[in-house]
Every structure is written in C-alpha cells, then in structure tokens.
>>> print(open('coords25.cif').read())   # mmCIF, C-alpha atoms
data_my_file
#
loop_
_atom_site.label_atom_id
_atom_site.label_comp_id
_atom_site.auth_asym_id
_atom_site.auth_seq_id
_atom_site.Cartn_x
_atom_site.Cartn_y
_atom_site.Cartn_z
CA MET A 14 45.66 -48.24 -57.01
CA ASP A 15 49.24 -47.39 -57.91
CA VAL A 16 51.43 -50.04 -59.50
CA ASP A 17 55.14 -50.29 -58.73
CA VAL A 18 58.10 -52.27 -60.04
CA MET A 19 60.04 -54.46 -57.63
CA VAL A 20 63.78 -53.86 -58.02
CA THR A 21 66.55 -56.16 -56.85
CA GLY A 22 70.11 -55.06 -56.12
CA GLN A 23 71.91 -53.89 -59.24
CA PRO A 24 74.75 -51.54 -60.17
CA LEU A 25 73.62 -47.99 -59.49
CA HIS A 26 73.83 -46.88 -63.13
CA ALA A 27 71.51 -49.77 -64.02
CA VAL A 28 69.06 -48.68 -61.32
CA GLN A 29 68.97 -45.22 -62.86
CA GLU A 30 68.25 -46.66 -66.30
CA LEU A 31 65.49 -48.82 -64.87
CA ALA A 32 63.96 -45.84 -63.06
CA ARG A 33 63.83 -43.83 -66.28
CA ASP A 34 62.37 -46.75 -68.22
CA ALA A 35 59.79 -47.51 -65.52
CA GLU A 36 58.60 -43.91 -65.42
CA GLN A 37 58.32 -43.78 -69.20
CA ALA A 38 56.50 -47.13 -69.29
CA GLY A 39 53.80 -45.89 -66.94
CA PHE A 40 54.67 -47.26 -63.50
CA SER A 41 53.99 -45.24 -60.38
CA GLY A 42 57.13 -46.15 -58.50
CA LEU A 43 59.94 -48.50 -57.57
CA VAL A 44 60.12 -50.78 -54.55
CA VAL A 45 63.74 -51.58 -53.74
CA THR A 46 64.59 -54.83 -51.97
CA GLU A 47 67.69 -55.26 -49.82
CA ALA A 48 69.84 -58.36 -50.15
CA GLY A 49 73.40 -58.36 -51.48
CA ARG A 50 73.25 -54.62 -52.19
CA THR A 51 71.93 -51.89 -49.94
CA ALA A 52 68.45 -50.56 -50.58
CA TYR A 53 69.23 -46.94 -49.77
CA LEU A 54 71.92 -46.34 -52.38
CA SER A 55 69.63 -47.76 -55.05
CA CYS A 56 66.84 -45.49 -53.84
CA ALA A 57 69.13 -42.49 -54.13
CA ALA A 58 70.21 -43.45 -57.63
CA ALA A 59 66.60 -43.90 -58.73
CA ALA A 60 65.52 -40.64 -57.09
CA LEU A 61 68.10 -38.70 -59.08
CA ALA A 62 66.95 -40.29 -62.35
CA GLY A 63 63.20 -39.71 -62.38
CA ASP A 64 60.06 -38.56 -60.60
CA LEU A 65 58.79 -41.91 -59.36
CA HIS A 66 57.62 -42.81 -55.89
CA ILE A 67 60.38 -44.80 -54.22
CA SER A 68 60.14 -47.24 -51.30
CA THR A 69 62.48 -49.58 -49.51
CA GLY A 70 60.72 -52.89 -49.64
CA VAL A 71 62.15 -53.61 -47.22
CA ALA A 72 65.35 -52.36 -45.64
CA VAL A 73 66.80 -54.34 -42.74
CA ALA A 74 66.12 -52.41 -39.55
CA PHE A 75 68.28 -53.95 -36.83
CA ALA A 76 71.49 -53.83 -38.86
CA ARG A 77 71.51 -50.03 -38.51
CA SER A 78 70.93 -47.72 -35.58
CA PRO A 79 67.63 -45.82 -35.71
CA MET A 80 69.58 -42.59 -36.12
CA VAL A 81 71.43 -43.83 -39.19
CA THR A 82 68.19 -45.05 -40.76
CA ALA A 83 66.43 -41.79 -39.95
CA GLN A 84 69.21 -39.68 -41.46
CA VAL A 85 69.23 -41.62 -44.72
CA ALA A 86 65.43 -41.65 -44.96
CA TRP A 87 65.31 -37.90 -44.29
CA GLU A 88 67.72 -37.20 -47.15
CA LEU A 89 65.77 -39.47 -49.48
CA ALA A 90 62.52 -37.72 -48.58
CA GLU A 91 64.19 -34.43 -49.45
CA THR A 92 65.68 -35.74 -52.69
CA THR A 93 62.38 -37.22 -53.89
CA ARG A 94 60.44 -34.12 -52.78
CA GLY A 95 58.27 -36.21 -50.52
CA ARG A 96 57.91 -39.29 -52.72
CA PHE A 97 59.87 -41.69 -50.51
CA ARG A 98 58.48 -44.34 -48.15
CA LEU A 99 60.70 -46.00 -45.54
CA GLY A 100 59.89 -49.71 -45.46
CA LEU A 101 61.47 -51.65 -42.59
CA GLY A 102 61.66 -55.33 -41.71
CA THR A 103 63.28 -57.64 -39.18
CA GLN A 104 64.96 -60.16 -41.54
CA VAL A 105 65.60 -63.48 -39.78
CA ARG A 106 67.73 -64.33 -36.78
CA ALA A 107 70.61 -66.00 -38.65
CA HIS A 108 71.18 -63.01 -40.90
CA ILE A 109 70.86 -60.40 -38.15
CA GLU A 110 73.11 -62.20 -35.69
CA ARG A 111 75.61 -63.96 -37.98
CA ARG A 112 75.76 -61.69 -41.05
CA TYR A 113 75.20 -58.27 -39.49
CA GLY A 114 76.47 -59.00 -35.98
CA ALA A 115 73.46 -57.25 -34.44
CA GLU A 116 70.84 -58.01 -31.79
CA PHE A 117 67.65 -59.75 -32.90
CA ASP A 118 65.49 -60.80 -29.93
CA PRO A 119 62.67 -60.08 -29.44
CA PRO A 120 62.06 -59.12 -33.08
CA GLY A 121 58.47 -57.89 -32.86
CA PRO A 122 58.81 -55.59 -29.83
CA ARG A 123 62.23 -54.49 -31.06
CA LEU A 124 60.83 -53.42 -34.45
CA ARG A 125 57.93 -51.66 -32.77
CA GLU A 126 60.34 -49.60 -30.69
CA TYR A 127 62.63 -49.09 -33.67
CA VAL A 128 59.78 -47.31 -35.49
CA ALA A 129 59.23 -45.07 -32.46
CA ALA A 130 62.96 -44.32 -32.25
CA VAL A 131 63.15 -43.35 -35.92
CA ARG A 132 60.16 -41.06 -35.45
CA ALA A 133 61.88 -39.47 -32.45
CA CYS A 134 64.84 -38.74 -34.73
CA PHE A 135 62.52 -37.22 -37.32
CA ASP A 136 61.02 -34.98 -34.64
CA ALA A 137 64.50 -33.90 -33.60
CA PHE A 138 65.45 -33.12 -37.19
CA GLY A 139 62.41 -30.84 -37.24
CA GLY A 140 63.61 -28.91 -34.21
CA GLN A 141 62.35 -30.83 -31.17
CA ARG A 142 64.64 -32.21 -28.46
CA LEU A 143 65.81 -35.77 -29.13
CA ASP A 144 64.34 -37.88 -26.35
CA HIS A 145 63.78 -41.60 -26.85
CA ASP A 146 64.35 -43.75 -23.76
CA GLY A 147 63.23 -47.27 -24.60
CA GLU A 148 64.06 -50.84 -23.74
CA PHE A 149 66.31 -51.38 -26.75
CA TYR A 150 67.33 -47.89 -27.89
CA ARG A 151 68.26 -44.75 -25.98
CA LEU A 152 68.73 -41.56 -27.97
CA SER A 153 69.20 -38.17 -26.33
CA LEU A 154 72.06 -36.32 -28.05
CA LEU A 155 71.73 -34.30 -31.25
CA PRO A 156 73.75 -31.06 -31.28
CA ALA A 157 72.59 -28.55 -33.87
CA MET A 158 75.68 -29.04 -36.02
CA TRP A 159 74.83 -32.75 -36.38
CA ALA A 160 71.18 -32.28 -37.30
CA PRO A 161 70.29 -32.38 -41.01
CA GLY A 162 67.81 -29.50 -40.72
CA GLU A 163 64.17 -29.22 -41.69
CA ILE A 164 63.00 -30.19 -45.17
CA ASP A 165 59.98 -28.98 -47.13
CA SER A 166 58.51 -32.46 -47.56
CA GLY A 167 58.50 -33.33 -43.88
CA PRO A 168 59.31 -36.81 -42.57
CA PRO A 169 58.67 -39.82 -44.79
CA PRO A 170 56.00 -42.38 -43.89
CA ILE A 171 57.24 -45.53 -42.18
CA ASP A 172 55.98 -48.91 -43.38
CA VAL A 173 56.71 -52.25 -41.75
CA ALA A 174 56.82 -55.78 -43.14
CA ALA A 175 54.54 -58.19 -41.30
CA VAL A 176 53.37 -61.78 -41.84
CA ASN A 177 52.00 -63.26 -38.63
CA PRO A 178 49.05 -61.93 -36.62
CA TRP A 179 51.14 -60.28 -33.87
CA MET A 180 53.22 -58.29 -36.35
CA LEU A 181 50.13 -57.34 -38.35
CA ARG A 182 48.45 -55.99 -35.22
CA MET A 183 51.62 -54.07 -34.38
CA ALA A 184 51.65 -52.58 -37.89
CA GLY A 185 48.05 -51.52 -37.39
CA GLU A 186 49.02 -49.74 -34.21
CA VAL A 187 52.19 -47.88 -35.22
CA ALA A 188 52.93 -47.98 -38.96
CA ASP A 189 51.91 -45.68 -41.78
CA GLY A 190 51.85 -48.62 -44.16
CA LEU A 191 52.11 -52.40 -44.34
CA HIS A 192 54.38 -54.39 -46.63
CA VAL A 193 52.51 -57.63 -47.25
CA HIS A 194 54.73 -60.65 -47.86
CA PRO A 195 54.95 -61.92 -51.47
CA LEU A 196 53.61 -65.28 -50.23
CA ASN A 197 50.05 -63.99 -50.14
CA THR A 198 46.71 -65.39 -51.24
CA PRO A 199 43.16 -63.98 -51.22
CA THR A 200 42.45 -66.23 -48.24
CA TYR A 201 45.46 -64.96 -46.29
CA LEU A 202 44.66 -61.33 -47.10
CA ALA A 203 41.03 -61.69 -46.03
CA GLU A 204 41.41 -63.98 -43.00
CA THR A 205 44.77 -62.89 -41.56
CA VAL A 206 45.91 -59.50 -42.86
CA GLU A 207 42.76 -57.40 -42.74
CA PRO A 208 41.28 -58.47 -39.37
CA ASN A 209 44.59 -58.26 -37.53
CA LEU A 210 45.52 -54.94 -39.11
CA ALA A 211 42.11 -53.59 -38.12
CA GLU A 212 42.44 -54.92 -34.56
CA GLY A 213 45.79 -53.21 -34.13
CA ALA A 214 44.46 -49.96 -35.55
CA ALA A 215 41.49 -50.09 -33.17
CA ARG A 216 43.80 -50.48 -30.19
CA ALA A 217 45.51 -47.23 -31.16
CA GLY A 218 42.27 -45.44 -32.05
CA ARG A 219 43.23 -45.32 -35.72
CA ASP A 220 41.21 -45.82 -38.88
CA PRO A 221 42.63 -48.92 -40.62
CA ALA A 222 41.65 -47.40 -43.97
CA GLY A 223 44.42 -44.86 -43.47
CA ILE A 224 47.12 -47.55 -43.39
CA VAL A 225 48.67 -47.99 -46.85
CA ARG A 226 48.74 -51.60 -48.06
CA LEU A 227 51.73 -52.41 -50.28
CA VAL A 228 51.03 -55.82 -51.81
CA PRO A 229 53.41 -57.79 -54.08
CA CYS A 230 51.93 -59.95 -56.81
CA PHE A 231 53.30 -62.87 -58.80
CA ALA A 232 51.84 -61.95 -62.20
CA VAL A 233 52.08 -64.57 -64.96
CA PRO A 234 51.34 -62.76 -68.23
CA GLY A 235 51.32 -64.03 -71.78
CA ASP A 236 49.15 -64.77 -74.76
CA THR A 237 50.63 -68.22 -75.31
CA GLU A 238 51.65 -71.12 -73.11
CA GLU A 239 55.24 -70.63 -74.26
CA GLU A 240 55.16 -67.03 -73.07
CA ARG A 241 53.59 -67.82 -69.69
CA ARG A 242 55.56 -70.92 -68.78
CA PRO A 243 58.81 -69.21 -67.65
CA TRP A 244 56.93 -66.82 -65.35
CA ARG A 245 54.79 -69.63 -63.97
CA ASN A 246 57.86 -71.73 -63.25
CA LEU A 247 59.57 -68.80 -61.61
CA ALA A 248 56.52 -68.17 -59.43
CA ARG A 249 56.47 -71.85 -58.49
CA MET A 250 60.08 -71.63 -57.33
CA GLN A 251 59.42 -68.46 -55.33
CA VAL A 252 56.40 -69.96 -53.59
CA ALA A 253 58.46 -73.04 -52.73
CA PHE A 254 61.36 -70.93 -51.46
CA TYR A 255 59.23 -68.66 -49.29
CA GLY A 256 56.99 -71.51 -48.24
CA SER A 257 59.90 -73.44 -46.72
CA THR A 258 60.03 -70.91 -43.86
CA PRO A 259 58.37 -72.45 -40.78
CA ASN A 260 56.68 -69.19 -39.78
CA TYR A 261 54.75 -69.19 -43.08
CA ALA A 262 53.35 -72.72 -42.74
CA PHE A 263 49.94 -71.41 -41.70
CA VAL A 264 49.47 -69.81 -45.14
CA PHE A 265 49.34 -73.32 -46.64
CA GLU A 266 47.20 -74.58 -43.77
CA GLN A 267 44.58 -72.02 -44.74
CA LEU A 268 44.49 -73.61 -48.19
CA GLY A 269 44.00 -77.17 -46.90
CA ALA A 270 47.64 -78.16 -47.56
CA PRO A 271 49.04 -78.35 -44.00
CA GLU A 272 52.07 -80.54 -44.71
CA THR A 273 53.47 -78.35 -47.46
CA THR A 274 56.09 -76.47 -45.44
CA SER A 275 57.46 -79.58 -43.73
CA ARG A 276 57.72 -81.38 -47.07
CA LEU A 277 59.42 -78.36 -48.62
CA ARG A 278 61.95 -78.28 -45.80
CA GLU A 279 62.75 -81.96 -46.23
CA ARG A 280 63.62 -81.44 -49.88
CA GLN A 281 65.44 -78.22 -49.12
CA LYS A 282 67.70 -79.97 -46.61
CA ALA A 283 68.40 -82.62 -49.24
CA GLY A 284 69.42 -79.93 -51.74
CA ASP A 285 66.56 -80.91 -54.04
CA LEU A 286 65.45 -77.51 -55.36
CA GLY A 287 63.62 -79.05 -58.29
CA GLY A 288 61.76 -81.33 -55.92
CA MET A 289 60.71 -78.31 -53.87
CA ALA A 290 59.10 -76.73 -56.90
CA GLU A 291 57.33 -79.98 -57.79
CA LEU A 292 55.48 -79.83 -54.47
CA ILE A 293 53.73 -76.65 -55.62
CA ASP A 294 51.30 -78.12 -58.14
CA ASP A 295 49.20 -75.95 -60.46
CA GLU A 296 46.16 -76.01 -58.19
CA LEU A 297 48.15 -74.79 -55.18
CA LEU A 298 50.10 -72.29 -57.27
CA GLY A 299 46.87 -70.76 -58.53
CA HIS A 300 46.21 -69.28 -55.08
CA PHE A 301 49.45 -67.27 -55.25
CA VAL A 302 49.54 -66.02 -58.85
CA VAL A 303 47.47 -63.96 -61.25
CA GLU A 304 47.72 -65.54 -64.68
CA ALA A 305 46.19 -63.94 -67.76
CA GLY A 306 46.78 -62.78 -71.31
CA TRP A 307 48.22 -59.31 -71.71
CA ASP A 308 44.85 -57.77 -72.62
CA GLU A 309 43.13 -59.41 -69.64
CA LEU A 310 45.85 -58.97 -67.01
CA ALA A 311 44.77 -55.53 -65.80
CA ASP A 312 41.21 -56.73 -65.24
CA ALA A 313 42.49 -59.79 -63.37
CA LEU A 314 44.72 -57.69 -61.12
CA VAL A 315 41.93 -55.23 -60.37
CA ALA A 316 39.53 -58.06 -59.57
CA ARG A 317 41.91 -59.60 -57.03
CA TYR A 318 43.53 -56.56 -55.44
CA ARG A 319 41.20 -53.57 -55.82
CA HIS A 320 39.95 -53.67 -52.25
CA VAL A 321 43.12 -54.93 -50.56
CA ALA A 322 46.03 -52.99 -52.09
CA ASP A 323 46.84 -49.29 -52.28
CA ARG A 324 50.13 -49.93 -54.01
CA LEU A 325 50.38 -53.11 -56.08
CA ILE A 326 53.93 -54.34 -56.65
CA LEU A 327 54.61 -56.41 -59.76
CA TYR A 328 57.20 -58.83 -58.43
CA PHE A 329 58.57 -59.95 -61.81
CA ALA A 330 58.51 -56.65 -63.73
CA GLY A 331 62.03 -55.67 -62.69
CA LEU A 332 63.31 -59.08 -63.71
CA ALA A 333 61.58 -58.72 -67.08
CA TRP A 334 63.47 -55.45 -67.60
CA ASP A 335 66.71 -57.10 -66.51
CA ARG A 336 66.28 -59.76 -69.19
CA ASP A 337 65.10 -57.36 -71.89
CA PRO A 338 64.75 -53.59 -71.24
CA THR A 339 62.31 -53.27 -74.14
CA ALA A 340 59.91 -55.72 -72.45
CA LEU A 341 58.96 -53.31 -69.67
CA GLY A 342 56.60 -51.45 -71.98
CA ARG A 343 53.92 -54.15 -71.91
CA TRP A 344 54.12 -54.40 -68.12
CA GLY A 345 53.83 -50.61 -67.97
CA GLU A 346 50.69 -50.66 -70.12
CA VAL A 347 49.11 -52.99 -67.58
CA ALA A 348 50.18 -50.64 -64.76
CA ARG A 349 48.53 -47.68 -66.50
CA GLU A 350 45.31 -49.63 -67.05
CA VAL A 351 45.13 -50.74 -63.42
CA ARG A 352 45.66 -47.20 -62.18
CA GLU A 353 43.04 -45.81 -64.55
CA ARG A 354 40.44 -48.45 -63.68
CA THR A 355 40.83 -47.93 -59.96
CA ALA A 356 41.07 -44.13 -59.95
CA PRO A 357 38.43 -42.37 -57.83
CA ALA A 358 35.46 -41.14 -59.80
CA ASP A 359 35.54 -37.48 -60.75
CA PRO A 360 32.71 -35.83 -58.74
CA ALA A 361 32.33 -33.22 -61.50
CA GLN A 362 31.32 -35.88 -63.98
#
>>> encode(input="coords25.cif", output="structure tokens")
Amino acid sequence: MDVDVMVTGQPLHAVQELARDAEQAGFSGLVVTEAGRTAYLSCAAAALAGDLHISTGVAVAFARSPMVTAQVAWELAETTRGRFRLGLGTQVRAHIERRYGAEFDPPGPRLREYVAAVRACFDAFGGQRLDHDGEFYRLSLLPAMWAPGEIDSGPPPIDVAAVNPWMLRMAGEVADGLHVHPLNTPTYLAETVEPNLAEGAARAGRDPAGIVRLVPCFAVPGDTEEERRPWRNLARMQVAFYGSTPNYAFVFEQLGAPETTSRLRERQKAGDLGGMAELIDDELLGHFVVEAGWDELADALVARYRHVADRLILYFAGLAWDRDPTALGRWGEVAREVRERTAPADPAQ
C-alpha cells in the first residue's frame, strides 16, 4: 500500500519544495486537489521537482473539454515518465454552472462519457483516428500538426471520484481507479464502495481487484492530548463540512445517526460553523478518523485500510508541512512503515 500526501493549491514554487520534502520524507506520491488553484499546474511543478507519483485528486472534468484534459494529462504522463494518474470528478451543480459556466446535467452519464472521450483522444495521440460521437461530446478532428505525438509511457490511467452507488458502479465499469471521498468509514467502504464497485466491474467483465482504490484518511497522530487535539478538531470540522452535503446523508444513516446531515445544514444556514462541529461528537468522529500515537499509527492505518486501499492518502500531511516543513518527517516515517508492512512477500524468502 502506497502512501501519498494530499496537496492543496499553493504557489508553484511552494509545491516544488513540498514535492522534494515529501520524496525525502518517504512518501510515495502527491495527490493534488483543485479548488482556487488549478490542479494541473501544481502537478507539473511537482513533476519537475522530484520522482514521486502524482495524481489529480480530483480535477474538475466538465469545466474543460475532453481534448484539453487529454492534452494536459498526456504531457504530465510524459513529464513524470509514466507516474501520473488523471483523477476526474463532477464537482457540484452550482460550481459547474455558476463558476465555470459549463453544462452539468446529467452528471453521472456525462462523466462516464467524458472518460470515454478522453480515452478516444489518447488513442488519437497514439496514431489512431479521432472518432468519438457521443451524446455530450463529439470529437472527430485532429490534424497531425495538432497532435502531441506518441510518448514512451503511454496514456495515463484515468480515475474517477464516486460517492453514491450509481457512480461507484460506473467507476467499476469504466475507470482505472476510484477516488474514495474523504468522508469514509469502514462501514461505508464495506457496505457501499466494495459491492457496488464489484457489481460495475462484473457488468463490464472486469476483475474488481484491478481497479486501484485511492482512499483519503483523516489521521490524528500524537503522543499527547495536546498534540492530537488540533488534528482531531480539524477532522471534526471536515466531517461536519462534508457531511452537510445532502447526497452524503446516507453515510451517517449507516452509522445509526440519520438526522446528522439535516441538523448540520440547519446550523450551516445559520452561519454557526462552531455548532456544526459540535454535532460531530467523539463517538461519531471515531468512525471517520484513525487516532494513535506516532509509534502506533502505522499499525492502526494498516489494520483499517490494508484490504481496501491501494494508495492511502494522508489528508492532513500537506497541511502539517504548510504549518511547519520540518514536521513532514514524522508523517513520512509512518508512510514508510505502512508501505513496508503491506509490501508483497518476497517469494525467494
């Protein structure tokens, strides 16, 4: 199990420094989120600074044409020498329609076709005729002078972000990997993610074991209460923030807390952010976090994620670096231990 750092939008020089520090600390890669800053420029900056695996986690699909996304992903695959993964997501209607001025409906089928359209572009970059004639995208023109040309690494894998059962089944059918939402619990992973991913894979005649699971984790490390408290409080806020989304209400229902999302939304509408966090008590929070001392954290992460994650993403590690670049070393030690403890056994031994 590889362990990656989640990276938020930062100045590009800072991204390069973080990439170098993460590689030296022992992380396998960076997962770059897209919010106020674009994911792709940060990926390029990181790729030129070190030899890490780099993923968009995730980039907004509908804001860009499939051709634009494919071109950028192709160049990043070349720059990283095959260590780039293209992670795509829908975002939400308000952002797509009112911030990006793009089409949103229907998001699931549109994303499914978007993946196919990007793959058609990849095929065309490799020398085939561009021919995608879908419901939402029609691509048929790529003169030789406009094609980027073949690359040694070949096309990058395409991962999609999915939360609800329909999207998870779609990911199982068409994606190379799945970006699990940060609002995940062992119950959600076992009862929602795995069976729906497997059902989608079966529809397409695929082996679900071949689909890469990229799973974020709210880790709360520390050897003292004083050390753990800030990370626990931050995790509480993140669970409250994500949990206020109506589409995620069923995650709380699985835990026997069915009114959580509606109560979170009431306080959100009132502007009571502190009150939102108060609704996530320690018992409920425990389903979403892994809390342990530094020496025990690797064991705790392996115990929870060994059989459900191929790439484990430490959600707070990038923030720890942002607050204190020297702090990443301890997080990196945990990453090394997790990778070592989950490495396949050497058949020669």
>>> residues_around(input="coords25.cif", residues="Glu266 of chain A", least_positions_apart="4", cutoff="12 Å", atoms="all atoms listed in the file", output="PDB file with C-alpha atoms, in the frame of the given file")
ATOM      1  CA  THR A 198      46.710 -65.390 -51.240  1.00  0.00           C
ATOM      2  CA  THR A 200      42.450 -66.230 -48.240  1.00  0.00           C
ATOM      3  CA  TYR A 201      45.460 -64.960 -46.290  1.00  0.00           C
ATOM      4  CA  GLY A 256      56.990 -71.510 -48.240  1.00  0.00           C
ATOM      5  CA  PRO A 259      58.370 -72.450 -40.780  1.00  0.00           C
ATOM      6  CA  ASN A 260      56.680 -69.190 -39.780  1.00  0.00           C
ATOM      7  CA  TYR A 261      54.750 -69.190 -43.080  1.00  0.00           C
ATOM      8  CA  ALA A 262      53.350 -72.720 -42.740  1.00  0.00           C
ATOM      9  CA  ALA A 270      47.640 -78.160 -47.560  1.00  0.00           C
ATOM     10  CA  PRO A 271      49.040 -78.350 -44.000  1.00  0.00           C
ATOM     11  CA  GLU A 272      52.070 -80.540 -44.710  1.00  0.00           C
ATOM     12  CA  THR A 273      53.470 -78.350 -47.460  1.00  0.00           C
ATOM     13  CA  THR A 274      56.090 -76.470 -45.440  1.00  0.00           C
ATOM     14  CA  SER A 275      57.460 -79.580 -43.730  1.00  0.00           C
ATOM     15  CA  LEU A 297      48.150 -74.790 -55.180  1.00  0.00           C
TER      16      LEU A 297
END
>>> resolve_selection(input="coords25.cif", expression="the PyMOL selection byres ((chain A and resi 315) around 10)", output="PyMOL selection string")
chain A and resi 14+310-314+316-322+325+350-352+354-355
>>> resolve_selection(input="coords25.cif", expression="the PyMOL selection byres ((chain A and resi 215-230) around 6)", output="list in words")
Glu186, Asp189, Gly190, Leu191, His192, Val193, Pro195, Ala211, Glu212, Gly213, Ala214, Phe231, Ala232, Ala322, Asp323, Arg324, Leu325, Ile326, Leu327 and Tyr328 of chain A
>>> closest_residue(input="coords25.cif", among="A:Gly22, A:Pro161, A:Leu31, A:Asn209", to="Ala330 of chain A", atoms="all atoms listed in the file")
A:Leu31
>>> closest_residue(input="coords25.cif", among="A:Gly306, A:Pro168, A:Ala290, A:Leu61", to="Glu239 of chain A", atoms="only C-alpha atoms")
A:Gly306
